file my_file-v1.txt (compact mmCIF, N, CA and C atoms)
# COMPACT_ATOMS: atom_id res chain seq x y z
N MET A 2 111.96 94.79 121.48
CA MET A 2 111.12 94.04 122.38
C MET A 2 109.91 93.53 121.59
N VAL A 3 109.59 92.30 121.77
CA VAL A 3 108.44 91.68 121.11
C VAL A 3 107.52 91.11 122.17
N ILE A 4 106.25 91.46 122.06
CA ILE A 4 105.24 90.91 122.97
C ILE A 4 104.20 90.22 122.10
N THR A 5 103.91 88.97 122.42
CA THR A 5 102.91 88.21 121.68
C THR A 5 101.87 87.71 122.66
N VAL A 6 100.61 87.89 122.30
CA VAL A 6 99.50 87.43 123.11
C VAL A 6 98.61 86.60 122.21
N GLU A 7 98.22 85.42 122.66
CA GLU A 7 97.31 84.58 121.88
C GLU A 7 96.04 84.36 122.67
N LEU A 8 94.92 84.67 122.05
CA LEU A 8 93.62 84.48 122.67
C LEU A 8 92.76 83.63 121.77
N ARG A 9 91.93 82.81 122.36
CA ARG A 9 90.98 82.00 121.59
C ARG A 9 89.59 82.25 122.16
N LYS A 10 88.64 82.43 121.27
CA LYS A 10 87.27 82.71 121.66
C LYS A 10 86.35 81.90 120.77
N LEU A 11 85.41 81.19 121.36
CA LEU A 11 84.42 80.43 120.60
C LEU A 11 83.12 81.23 120.58
N TYR A 12 82.73 81.66 119.39
CA TYR A 12 81.45 82.35 119.21
C TYR A 12 80.42 81.30 118.83
N LYS A 13 79.39 81.18 119.61
CA LYS A 13 78.37 80.16 119.36
C LYS A 13 77.28 80.71 118.43
N TYR A 14 77.74 81.15 117.26
CA TYR A 14 76.88 81.69 116.22
C TYR A 14 77.38 81.14 114.89
N PRO A 15 76.55 81.13 113.88
CA PRO A 15 77.02 80.67 112.58
C PRO A 15 78.20 81.50 112.08
N PHE A 16 79.11 80.86 111.39
CA PHE A 16 80.30 81.51 110.85
C PHE A 16 79.94 82.79 110.09
N GLU A 17 78.92 82.72 109.25
CA GLU A 17 78.54 83.87 108.42
C GLU A 17 78.10 85.05 109.28
N THR A 18 77.45 84.79 110.39
CA THR A 18 77.02 85.85 111.31
C THR A 18 78.22 86.51 111.97
N VAL A 19 79.20 85.71 112.38
CA VAL A 19 80.40 86.24 113.02
C VAL A 19 81.17 87.12 112.04
N VAL A 20 81.34 86.66 110.80
CA VAL A 20 82.06 87.43 109.78
C VAL A 20 81.32 88.72 109.49
N ASP A 21 80.02 88.65 109.29
CA ASP A 21 79.22 89.84 109.00
C ASP A 21 79.31 90.84 110.15
N SER A 22 79.25 90.36 111.37
CA SER A 22 79.37 91.24 112.54
C SER A 22 80.72 91.94 112.57
N HIS A 23 81.78 91.21 112.27
CA HIS A 23 83.12 91.81 112.27
C HIS A 23 83.22 92.89 111.19
N LEU A 24 82.73 92.60 110.02
CA LEU A 24 82.88 93.54 108.90
C LEU A 24 82.00 94.78 109.05
N ASN A 25 80.98 94.71 109.88
CA ASN A 25 80.05 95.83 110.01
C ASN A 25 79.98 96.43 111.42
N LYS A 26 80.95 96.12 112.27
CA LYS A 26 80.85 96.56 113.66
C LYS A 26 81.17 98.04 113.87
N TYR A 27 81.89 98.67 112.96
CA TYR A 27 82.24 100.09 113.11
C TYR A 27 81.85 100.84 111.86
N PRO A 28 81.62 102.12 111.94
CA PRO A 28 81.46 102.91 113.17
C PRO A 28 80.10 102.64 113.82
N THR A 29 80.05 102.92 115.12
CA THR A 29 78.83 102.73 115.90
C THR A 29 78.81 103.75 117.04
N PRO A 30 77.64 104.18 117.47
CA PRO A 30 77.57 105.11 118.60
C PRO A 30 78.12 104.51 119.89
N LEU A 31 78.20 103.17 119.96
CA LEU A 31 78.71 102.51 121.16
C LEU A 31 80.22 102.62 121.29
N GLU A 32 80.91 102.87 120.20
CA GLU A 32 82.38 103.02 120.21
C GLU A 32 82.71 104.32 119.48
N GLN A 33 82.81 105.39 120.25
CA GLN A 33 82.99 106.72 119.65
C GLN A 33 84.43 107.03 119.28
N ASN A 34 85.37 106.17 119.65
CA ASN A 34 86.78 106.43 119.30
C ASN A 34 87.11 106.01 117.87
N ILE A 35 86.28 105.18 117.27
CA ILE A 35 86.47 104.80 115.86
C ILE A 35 85.47 105.63 115.06
N THR A 36 85.99 106.59 114.31
CA THR A 36 85.12 107.56 113.66
C THR A 36 84.75 107.20 112.23
N ALA A 37 85.55 106.35 111.58
CA ALA A 37 85.25 105.97 110.20
C ALA A 37 85.99 104.70 109.82
N VAL A 38 85.39 103.96 108.91
CA VAL A 38 86.05 102.80 108.30
C VAL A 38 85.68 102.85 106.82
N ARG A 39 86.69 102.87 105.97
CA ARG A 39 86.41 102.89 104.53
C ARG A 39 87.14 101.73 103.86
N THR A 40 86.50 101.16 102.87
CA THR A 40 87.11 100.08 102.10
C THR A 40 87.99 100.72 101.03
N ALA A 41 89.30 100.46 101.11
CA ALA A 41 90.25 101.02 100.15
C ALA A 41 90.40 100.12 98.93
N GLU A 42 90.17 98.83 99.13
CA GLU A 42 90.33 97.87 98.03
C GLU A 42 89.49 96.64 98.34
N GLU A 43 88.88 96.08 97.32
CA GLU A 43 88.14 94.83 97.48
C GLU A 43 88.13 94.11 96.13
N ASN A 44 88.49 92.85 96.15
CA ASN A 44 88.41 92.05 94.93
C ASN A 44 88.27 90.58 95.28
N THR A 45 87.80 89.83 94.30
CA THR A 45 87.58 88.39 94.47
C THR A 45 88.46 87.64 93.50
N ASP A 46 89.20 86.66 94.02
CA ASP A 46 90.01 85.78 93.18
C ASP A 46 89.05 84.80 92.51
N LEU A 47 88.92 84.90 91.21
CA LEU A 47 87.94 84.07 90.49
C LEU A 47 88.27 82.58 90.55
N SER A 48 89.52 82.23 90.69
CA SER A 48 89.88 80.81 90.72
C SER A 48 89.60 80.17 92.09
N THR A 49 89.74 80.93 93.17
CA THR A 49 89.54 80.37 94.52
C THR A 49 88.26 80.84 95.18
N GLY A 50 87.71 81.97 94.72
CA GLY A 50 86.53 82.56 95.35
C GLY A 50 86.85 83.36 96.60
N ILE A 51 88.15 83.50 96.94
CA ILE A 51 88.54 84.23 98.15
C ILE A 51 88.35 85.72 97.92
N ILE A 52 87.67 86.36 98.87
CA ILE A 52 87.42 87.80 98.81
C ILE A 52 88.49 88.50 99.65
N TYR A 53 89.23 89.39 98.99
CA TYR A 53 90.26 90.18 99.67
C TYR A 53 89.71 91.58 99.89
N ARG A 54 89.89 92.09 101.12
CA ARG A 54 89.50 93.46 101.44
C ARG A 54 90.63 94.16 102.17
N ARG A 55 90.82 95.43 101.84
CA ARG A 55 91.75 96.28 102.59
C ARG A 55 90.95 97.49 103.03
N ARG A 56 90.87 97.66 104.36
CA ARG A 56 90.09 98.76 104.92
C ARG A 56 90.97 99.64 105.79
N ILE A 57 90.62 100.92 105.83
CA ILE A 57 91.34 101.90 106.66
C ILE A 57 90.37 102.43 107.70
N ALA A 58 90.76 102.33 108.96
CA ALA A 58 89.95 102.85 110.06
C ALA A 58 90.58 104.14 110.58
N THR A 59 89.74 105.11 110.85
CA THR A 59 90.18 106.36 111.46
C THR A 59 89.71 106.35 112.90
N CYS A 60 90.65 106.55 113.82
CA CYS A 60 90.35 106.51 115.25
C CYS A 60 90.81 107.80 115.92
N LYS A 61 90.11 108.20 116.97
CA LYS A 61 90.55 109.34 117.76
C LYS A 61 91.83 108.95 118.50
N ASN A 62 92.71 109.90 118.65
CA ASN A 62 93.93 109.66 119.42
C ASN A 62 93.56 109.71 120.90
N VAL A 63 93.65 108.58 121.56
CA VAL A 63 93.27 108.50 122.98
C VAL A 63 94.49 108.42 123.90
N ILE A 64 95.65 108.68 123.33
CA ILE A 64 96.87 108.71 124.16
C ILE A 64 96.75 109.87 125.14
N PRO A 65 97.11 109.67 126.40
CA PRO A 65 96.98 110.74 127.40
C PRO A 65 97.67 112.04 126.94
N ALA A 66 97.06 113.16 127.30
CA ALA A 66 97.53 114.48 126.86
C ALA A 66 99.00 114.74 127.22
N PHE A 67 99.44 114.28 128.37
CA PHE A 67 100.82 114.55 128.76
C PHE A 67 101.81 113.86 127.82
N LEU A 68 101.43 112.72 127.23
CA LEU A 68 102.30 112.04 126.26
C LEU A 68 102.24 112.71 124.88
N ARG A 69 101.13 113.39 124.60
CA ARG A 69 101.00 114.05 123.30
C ARG A 69 101.84 115.32 123.21
N GLN A 70 102.58 115.61 124.26
CA GLN A 70 103.54 116.71 124.18
C GLN A 70 104.71 116.32 123.27
N ILE A 71 104.92 115.02 123.10
CA ILE A 71 105.93 114.52 122.17
C ILE A 71 105.38 114.72 120.76
N SER A 72 106.15 115.38 119.91
CA SER A 72 105.64 115.80 118.60
C SER A 72 105.10 114.65 117.76
N SER A 73 105.74 113.49 117.80
CA SER A 73 105.28 112.37 116.98
C SER A 73 103.95 111.79 117.47
N LEU A 74 103.59 112.05 118.72
CA LEU A 74 102.32 111.55 119.25
C LEU A 74 101.21 112.60 119.20
N LYS A 75 101.56 113.81 118.75
CA LYS A 75 100.61 114.93 118.73
C LYS A 75 99.85 114.92 117.41
N THR A 76 98.85 114.07 117.34
CA THR A 76 98.02 113.95 116.15
C THR A 76 96.58 113.72 116.60
N ALA A 77 95.63 114.27 115.87
CA ALA A 77 94.23 114.14 116.26
C ALA A 77 93.68 112.74 115.97
N SER A 78 94.15 112.15 114.87
CA SER A 78 93.62 110.85 114.45
C SER A 78 94.72 109.82 114.29
N ILE A 79 94.34 108.57 114.48
CA ILE A 79 95.23 107.43 114.28
C ILE A 79 94.61 106.59 113.17
N TYR A 80 95.44 106.11 112.26
CA TYR A 80 94.94 105.32 111.14
C TYR A 80 95.42 103.88 111.25
N LEU A 81 94.48 102.96 111.06
CA LEU A 81 94.77 101.53 111.11
C LEU A 81 94.39 100.92 109.77
N GLU A 82 95.18 99.94 109.33
CA GLU A 82 94.88 99.21 108.11
C GLU A 82 94.50 97.79 108.47
N GLU A 83 93.43 97.31 107.86
CA GLU A 83 93.00 95.93 108.06
C GLU A 83 92.91 95.26 106.70
N GLU A 84 93.57 94.11 106.58
CA GLU A 84 93.46 93.29 105.38
C GLU A 84 92.76 92.00 105.79
N SER A 85 91.83 91.55 104.94
CA SER A 85 91.15 90.30 105.26
C SER A 85 90.99 89.45 104.01
N TRP A 86 90.99 88.14 104.23
CA TRP A 86 90.81 87.15 103.18
C TRP A 86 89.68 86.24 103.62
N LEU A 87 88.54 86.33 102.95
CA LEU A 87 87.36 85.54 103.29
C LEU A 87 87.20 84.41 102.28
N ASP A 88 87.28 83.18 102.80
CA ASP A 88 87.10 81.99 101.97
C ASP A 88 85.77 81.35 102.38
N LYS A 89 84.73 81.64 101.61
CA LYS A 89 83.40 81.13 101.94
C LYS A 89 83.30 79.63 101.76
N ARG A 90 84.08 79.08 100.85
CA ARG A 90 84.05 77.62 100.62
C ARG A 90 84.56 76.87 101.84
N ARG A 91 85.68 77.33 102.38
CA ARG A 91 86.27 76.67 103.56
C ARG A 91 85.74 77.23 104.87
N ARG A 92 84.95 78.29 104.77
CA ARG A 92 84.40 78.97 105.93
C ARG A 92 85.49 79.43 106.89
N THR A 93 86.43 80.21 106.33
CA THR A 93 87.50 80.81 107.13
C THR A 93 87.66 82.28 106.71
N MET A 94 88.09 83.09 107.65
CA MET A 94 88.48 84.46 107.35
C MET A 94 89.72 84.78 108.14
N SER A 95 90.76 85.17 107.43
CA SER A 95 92.03 85.57 108.03
C SER A 95 92.12 87.09 107.98
N ILE A 96 92.57 87.70 109.08
CA ILE A 96 92.62 89.16 109.18
C ILE A 96 93.99 89.57 109.71
N LYS A 97 94.56 90.60 109.09
CA LYS A 97 95.79 91.22 109.57
C LYS A 97 95.54 92.71 109.69
N SER A 98 95.84 93.26 110.86
CA SER A 98 95.66 94.69 111.11
C SER A 98 96.97 95.28 111.59
N ARG A 99 97.17 96.55 111.23
CA ARG A 99 98.38 97.22 111.70
C ARG A 99 98.13 98.72 111.80
N CYS A 100 98.92 99.36 112.64
CA CYS A 100 98.84 100.81 112.81
C CYS A 100 99.67 101.48 111.72
N LEU A 101 99.07 102.40 111.00
CA LEU A 101 99.79 103.14 109.96
C LEU A 101 100.42 104.42 110.50
N THR A 102 99.81 105.02 111.50
CA THR A 102 100.21 106.34 111.97
C THR A 102 101.65 106.38 112.47
N TRP A 103 102.04 105.41 113.26
CA TRP A 103 103.39 105.43 113.84
C TRP A 103 104.26 104.30 113.31
N ALA A 104 104.01 103.87 112.08
CA ALA A 104 104.72 102.73 111.50
C ALA A 104 106.23 102.94 111.42
N LYS A 105 106.67 104.19 111.29
CA LYS A 105 108.12 104.41 111.20
C LYS A 105 108.80 104.36 112.58
N TYR A 106 108.01 104.36 113.65
CA TYR A 106 108.57 104.32 114.99
C TYR A 106 108.44 102.96 115.67
N ALA A 107 107.33 102.28 115.39
CA ALA A 107 107.07 101.00 116.06
C ALA A 107 106.10 100.18 115.21
N THR A 108 106.09 98.90 115.45
CA THR A 108 105.18 98.00 114.75
C THR A 108 104.14 97.50 115.74
N LEU A 109 102.89 97.72 115.38
CA LEU A 109 101.78 97.21 116.17
C LEU A 109 100.88 96.48 115.20
N LYS A 110 100.74 95.18 115.41
CA LYS A 110 99.91 94.42 114.48
C LYS A 110 99.09 93.38 115.23
N GLU A 111 98.01 92.99 114.58
CA GLU A 111 97.11 91.98 115.13
C GLU A 111 96.75 91.03 114.00
N GLU A 112 96.73 89.75 114.32
CA GLU A 112 96.31 88.74 113.34
C GLU A 112 95.18 87.93 113.96
N SER A 113 94.13 87.74 113.18
CA SER A 113 92.97 86.98 113.66
C SER A 113 92.57 85.96 112.62
N MET A 114 91.96 84.88 113.09
CA MET A 114 91.45 83.85 112.19
C MET A 114 90.07 83.46 112.70
N PHE A 115 89.09 83.59 111.83
CA PHE A 115 87.75 83.11 112.13
C PHE A 115 87.55 81.85 111.30
N LYS A 116 87.00 80.82 111.94
CA LYS A 116 86.69 79.60 111.19
C LYS A 116 85.50 78.91 111.85
N ALA A 117 84.80 78.12 111.05
CA ALA A 117 83.65 77.39 111.57
C ALA A 117 84.11 76.42 112.66
N SER A 118 83.29 76.23 113.64
CA SER A 118 83.62 75.35 114.76
C SER A 118 83.71 73.90 114.33
N GLN A 119 84.69 73.18 114.86
CA GLN A 119 84.80 71.75 114.65
C GLN A 119 83.74 71.01 115.47
N GLU A 120 83.39 71.61 116.62
CA GLU A 120 82.44 70.97 117.54
C GLU A 120 81.01 70.99 116.98
N ASN A 121 80.65 72.09 116.33
CA ASN A 121 79.29 72.26 115.84
C ASN A 121 79.34 73.11 114.56
N PRO A 122 79.09 72.54 113.41
CA PRO A 122 79.20 73.29 112.16
C PRO A 122 78.16 74.41 112.04
N ASN A 123 77.16 74.43 112.91
CA ASN A 123 76.17 75.50 112.89
C ASN A 123 76.65 76.77 113.62
N TRP A 124 77.85 76.66 114.30
CA TRP A 124 78.46 77.83 114.89
C TRP A 124 79.93 77.74 114.91
call {"tool": "encode", "arguments": {"input": "my_file-v1.txt", "output": "structure tokens"}}
result
Amino acid sequence: MVITVELRKLYKYPFETVVDSHLNKYPTPLEQNITAVRTAEENTDLSTGIIYRRRIATCKNVIPAFLRQISSLKTASIYLEEESWLDKRRRTMSIKSRCLTWAKYATLKEESMFKASQENPNW
């Protein structure tokens, strides 16, 4: 079974502010289910200037207790991987996220694209 959802959101802020907010939004006291985010890899392609980052997020397992009776769901933490490609020249950032914890059972992934607005280059 495949489920695809597409959402579009216009942030009326400069591209750099939106990218910075995304990269620094966790951990925070406002979202206690995400306990840590660490950068596992970061490098810059010298020919294109594109910055590649691979980050691992540690999240509390919020699956209801009755489902955690299943051995594969009985884990304290869930791990997510996020890869991003930031192109400052073109003012775009592409992001791919996936769940690592249950990867052998199911695929859960998210793809996002941030880019400067065509309507207003200041946001």
call {"tool": "closest_residue", "arguments": {"input": "my_file-v1.txt", "among": "A:Ser22, A:Asn121, A:Ser85, A:Thr93", "to": "Arg56 of chain A", "atoms": "all atoms listed in the file"}}
result
A:Ser85
call {"tool": "atom_distance", "arguments": {"input": "my_file-v1.txt", "atom1": "atom N of Lys89 of chain A", "atom2": "atom CA of Tyr14 of chain A"}}
result
16.6 Å
call {"tool": "closest_residue", "arguments": {"input": "my_file-v1.txt", "among": "A:Val20, A:Asn44, A:Ser73, A:Ile35", "to": "Ala58 of chain A", "atoms": "all atoms listed in the file"}}
result
A:Ile35
call {"tool": "residues_near_point", "arguments": {"input": "my_file-v1.txt", "point": "(86.6, 95.8, 113.4)", "cutoff": "10 Å", "atoms": "only C-alpha atoms", "output": "PyMOL selection string"}}
result
chain A and resi 22-28+35+38+56+58+83+96+98
call {"tool": "closest_residue", "arguments": {"input": "my_file-v1.txt", "among": "A:Glu120, A:Arg92, A:Glu111, A:Cys100", "to": "Phe16 of chain A", "atoms": "all atoms listed in the file"}}
result
A:Arg92
call {"tool": "select_by_dssp", "arguments": {"input": "my_file-v1.txt", "residues": "chain A", "states": "alpha helix (DSSP H)", "output": "PDB file with N, CA and C atoms, in the coordinates of the input"}}
result
ATOM      1  N   PHE A  16      79.110  80.860 111.390  1.00  0.00           N
ATOM      2  CA  PHE A  16      80.300  81.510 110.850  1.00  0.00           C
ATOM      3  C   PHE A  16      79.940  82.790 110.090  1.00  0.00           C
ATOM      4  N   GLU A  17      78.920  82.720 109.250  1.00  0.00           N
ATOM      5  CA  GLU A  17      78.540  83.870 108.420  1.00  0.00           C
ATOM      6  C   GLU A  17      78.100  85.050 109.280  1.00  0.00           C
ATOM      7  N   THR A  18      77.450  84.790 110.390  1.00  0.00           N
ATOM      8  CA  THR A  18      77.020  85.850 111.310  1.00  0.00           C
ATOM      9  C   THR A  18      78.220  86.510 111.970  1.00  0.00           C
ATOM     10  N   VAL A  19      79.200  85.710 112.380  1.00  0.00           N
ATOM     11  CA  VAL A  19      80.400  86.240 113.020  1.00  0.00           C
ATOM     12  C   VAL A  19      81.170  87.120 112.040  1.00  0.00           C
ATOM     13  N   VAL A  20      81.340  86.660 110.800  1.00  0.00           N
ATOM     14  CA  VAL A  20      82.060  87.430 109.780  1.00  0.00           C
ATOM     15  C   VAL A  20      81.320  88.720 109.490  1.00  0.00           C
ATOM     16  N   ASP A  21      80.020  88.650 109.290  1.00  0.00           N
ATOM     17  CA  ASP A  21      79.220  89.840 109.000  1.00  0.00           C
ATOM     18  C   ASP A  21      79.310  90.840 110.150  1.00  0.00           C
ATOM     19  N   SER A  22      79.250  90.360 111.370  1.00  0.00           N
ATOM     20  CA  SER A  22      79.370  91.240 112.540  1.00  0.00           C
ATOM     21  C   SER A  22      80.720  91.940 112.570  1.00  0.00           C
ATOM     22  N   HIS A  23      81.780  91.210 112.270  1.00  0.00           N
ATOM     23  CA  HIS A  23      83.120  91.810 112.270  1.00  0.00           C
ATOM     24  C   HIS A  23      83.220  92.890 111.190  1.00  0.00           C
ATOM     25  N   LEU A  24      82.730  92.600 110.020  1.00  0.00           N
ATOM     26  CA  LEU A  24      82.880  93.540 108.900  1.00  0.00           C
ATOM     27  C   LEU A  24      82.000  94.780 109.050  1.00  0.00           C
TER      28      LEU A  24
END
call {"tool": "decode", "arguments": {"input": "my_file-v1.txt", "residues": "segment 106-117 of chain A", "atoms": "all heavy atoms", "output": "PDB file, in the first residue's frame"}}
result
ATOM      1  N   TYR A 106      10.637  -3.369   8.241  1.00  0.00           N
ATOM      2  CA  TYR A 106       9.225  -3.731   8.226  1.00  0.00           C
ATOM      3  C   TYR A 106       8.380  -2.861   7.304  1.00  0.00           C
ATOM      4  O   TYR A 106       7.408  -3.321   6.717  1.00  0.00           O
ATOM      5  CB  TYR A 106       8.629  -3.634   9.646  1.00  0.00           C
ATOM      6  CG  TYR A 106       9.347  -4.492  10.646  1.00  0.00           C
ATOM      7  CD1 TYR A 106      10.142  -3.926  11.636  1.00  0.00           C
ATOM      8  CD2 TYR A 106       9.251  -5.871  10.608  1.00  0.00           C
ATOM      9  CE1 TYR A 106      10.811  -4.700  12.558  1.00  0.00           C
ATOM     10  CE2 TYR A 106       9.916  -6.664  11.526  1.00  0.00           C
ATOM     11  CZ  TYR A 106      10.691  -6.079  12.491  1.00  0.00           C
ATOM     12  OH  TYR A 106      11.359  -6.852  13.391  1.00  0.00           O
ATOM     13  N   ALA A 107       8.737  -1.580   7.226  1.00  0.00           N
ATOM     14  CA  ALA A 107       7.934  -0.643   6.434  1.00  0.00           C
ATOM     15  C   ALA A 107       8.797   0.551   6.049  1.00  0.00           C
ATOM     16  O   ALA A 107       9.817   0.816   6.678  1.00  0.00           O
ATOM     17  CB  ALA A 107       6.727  -0.163   7.239  1.00  0.00           C
ATOM     18  N   THR A 108       8.366   1.243   5.031  1.00  0.00           N
ATOM     19  CA  THR A 108       9.064   2.444   4.584  1.00  0.00           C
ATOM     20  C   THR A 108       8.209   3.656   4.904  1.00  0.00           C
ATOM     21  O   THR A 108       7.045   3.728   4.516  1.00  0.00           O
ATOM     22  CB  THR A 108       9.324   2.390   3.071  1.00  0.00           C
ATOM     23  OG1 THR A 108      10.090   1.225   2.776  1.00  0.00           O
ATOM     24  CG2 THR A 108      10.067   3.614   2.593  1.00  0.00           C
ATOM     25  N   LEU A 109       8.804   4.576   5.630  1.00  0.00           N
ATOM     26  CA  LEU A 109       8.148   5.836   5.940  1.00  0.00           C
ATOM     27  C   LEU A 109       9.134   6.924   5.562  1.00  0.00           C
ATOM     28  O   LEU A 109      10.238   6.973   6.089  1.00  0.00           O
ATOM     29  CB  LEU A 109       7.805   5.926   7.427  1.00  0.00           C
ATOM     30  CG  LEU A 109       7.233   7.254   7.910  1.00  0.00           C
ATOM     31  CD1 LEU A 109       5.892   7.534   7.236  1.00  0.00           C
ATOM     32  CD2 LEU A 109       7.084   7.255   9.414  1.00  0.00           C
ATOM     33  N   LYS A 110       8.756   7.740   4.586  1.00  0.00           N
ATOM     34  CA  LYS A 110       9.682   8.781   4.159  1.00  0.00           C
ATOM     35  C   LYS A 110       8.936  10.069   3.872  1.00  0.00           C
ATOM     36  O   LYS A 110       7.733  10.077   3.623  1.00  0.00           O
ATOM     37  CB  LYS A 110      10.483   8.334   2.935  1.00  0.00           C
ATOM     38  CG  LYS A 110       9.669   8.086   1.694  1.00  0.00           C
ATOM     39  CD  LYS A 110      10.545   7.598   0.560  1.00  0.00           C
ATOM     40  CE  LYS A 110       9.714   7.381  -0.681  1.00  0.00           C
ATOM     41  NZ  LYS A 110      10.531   6.985  -1.816  1.00  0.00           N
ATOM     42  N   GLU A 111       9.696  11.146   3.931  1.00  0.00           N
ATOM     43  CA  GLU A 111       9.160  12.477   3.668  1.00  0.00           C
ATOM     44  C   GLU A 111      10.170  13.209   2.798  1.00  0.00           C
ATOM     45  O   GLU A 111      11.372  13.106   3.015  1.00  0.00           O
ATOM     46  CB  GLU A 111       8.972  13.229   4.984  1.00  0.00           C
ATOM     47  CG  GLU A 111       8.550  14.654   4.830  1.00  0.00           C
ATOM     48  CD  GLU A 111       8.475  15.399   6.157  1.00  0.00           C
ATOM     49  OE1 GLU A 111       8.407  14.766   7.212  1.00  0.00           O
ATOM     50  OE2 GLU A 111       8.493  16.636   6.104  1.00  0.00           O
ATOM     51  N   GLU A 112       9.672  13.918   1.813  1.00  0.00           N
ATOM     52  CA  GLU A 112      10.532  14.734   0.959  1.00  0.00           C
ATOM     53  C   GLU A 112      10.001  16.161   0.981  1.00  0.00           C
ATOM     54  O   GLU A 112       8.802  16.383   0.861  1.00  0.00           O
ATOM     55  CB  GLU A 112      10.567  14.197  -0.464  1.00  0.00           C
ATOM     56  CG  GLU A 112      11.207  12.829  -0.563  1.00  0.00           C
ATOM     57  CD  GLU A 112      11.335  12.316  -1.984  1.00  0.00           C
ATOM     58  OE1 GLU A 112      11.260  13.128  -2.925  1.00  0.00           O
ATOM     59  OE2 GLU A 112      11.501  11.099  -2.145  1.00  0.00           O
ATOM     60  N   SER A 113      10.909  17.103   1.171  1.00  0.00           N
ATOM     61  CA  SER A 113      10.528  18.521   1.226  1.00  0.00           C
ATOM     62  C   SER A 113      11.455  19.323   0.339  1.00  0.00           C
ATOM     63  O   SER A 113      12.603  18.947   0.120  1.00  0.00           O
ATOM     64  CB  SER A 113      10.645  19.051   2.661  1.00  0.00           C
ATOM     65  OG  SER A 113       9.827  18.329   3.541  1.00  0.00           O
ATOM     66  N   MET A 114      10.930  20.437  -0.151  1.00  0.00           N
ATOM     67  CA  MET A 114      11.735  21.355  -0.960  1.00  0.00           C
ATOM     68  C   MET A 114      11.423  22.764  -0.482  1.00  0.00           C
ATOM     69  O   MET A 114      10.257  23.173  -0.459  1.00  0.00           O
ATOM     70  CB  MET A 114      11.395  21.212  -2.444  1.00  0.00           C
ATOM     71  CG  MET A 114      12.029  22.263  -3.330  1.00  0.00           C
ATOM     72  SD  MET A 114      13.813  22.254  -3.389  1.00  0.00           S
ATOM     73  CE  MET A 114      14.075  20.999  -4.604  1.00  0.00           C
ATOM     74  N   PHE A 115      12.454  23.469  -0.075  1.00  0.00           N
ATOM     75  CA  PHE A 115      12.321  24.875   0.256  1.00  0.00           C
ATOM     76  C   PHE A 115      12.965  25.654  -0.872  1.00  0.00           C
ATOM     77  O   PHE A 115      14.054  25.304  -1.329  1.00  0.00           O
ATOM     78  CB  PHE A 115      13.048  25.223   1.565  1.00  0.00           C
ATOM     79  CG  PHE A 115      12.473  24.572   2.792  1.00  0.00           C
ATOM     80  CD1 PHE A 115      13.304  24.113   3.793  1.00  0.00           C
ATOM     81  CD2 PHE A 115      11.113  24.440   2.970  1.00  0.00           C
ATOM     82  CE1 PHE A 115      12.800  23.521   4.939  1.00  0.00           C
ATOM     83  CE2 PHE A 115      10.590  23.854   4.118  1.00  0.00           C
ATOM     84  CZ  PHE A 115      11.435  23.398   5.102  1.00  0.00           C
ATOM     85  N   LYS A 116      12.283  26.698  -1.320  1.00  0.00           N
ATOM     86  CA  LYS A 116      12.870  27.557  -2.353  1.00  0.00           C
ATOM     87  C   LYS A 116      12.332  28.970  -2.186  1.00  0.00           C
ATOM     88  O   LYS A 116      11.255  29.176  -1.627  1.00  0.00           O
ATOM     89  CB  LYS A 116      12.612  27.021  -3.748  1.00  0.00           C
ATOM     90  CG  LYS A 116      11.169  26.843  -4.122  1.00  0.00           C
ATOM     91  CD  LYS A 116      11.039  26.188  -5.490  1.00  0.00           C
ATOM     92  CE  LYS A 116       9.587  25.933  -5.802  1.00  0.00           C
ATOM     93  NZ  LYS A 116       9.412  25.293  -7.095  1.00  0.00           N
ATOM     94  N   ALA A 117      13.103  29.928  -2.676  1.00  0.00           N
ATOM     95  CA  ALA A 117      12.683  31.320  -2.597  1.00  0.00           C
ATOM     96  C   ALA A 117      11.398  31.510  -3.398  1.00  0.00           C
ATOM     97  O   ALA A 117      11.197  30.876  -4.433  1.00  0.00           O
ATOM     98  CB  ALA A 117      13.786  32.228  -3.123  1.00  0.00           C
TER      99      ALA A 117
END
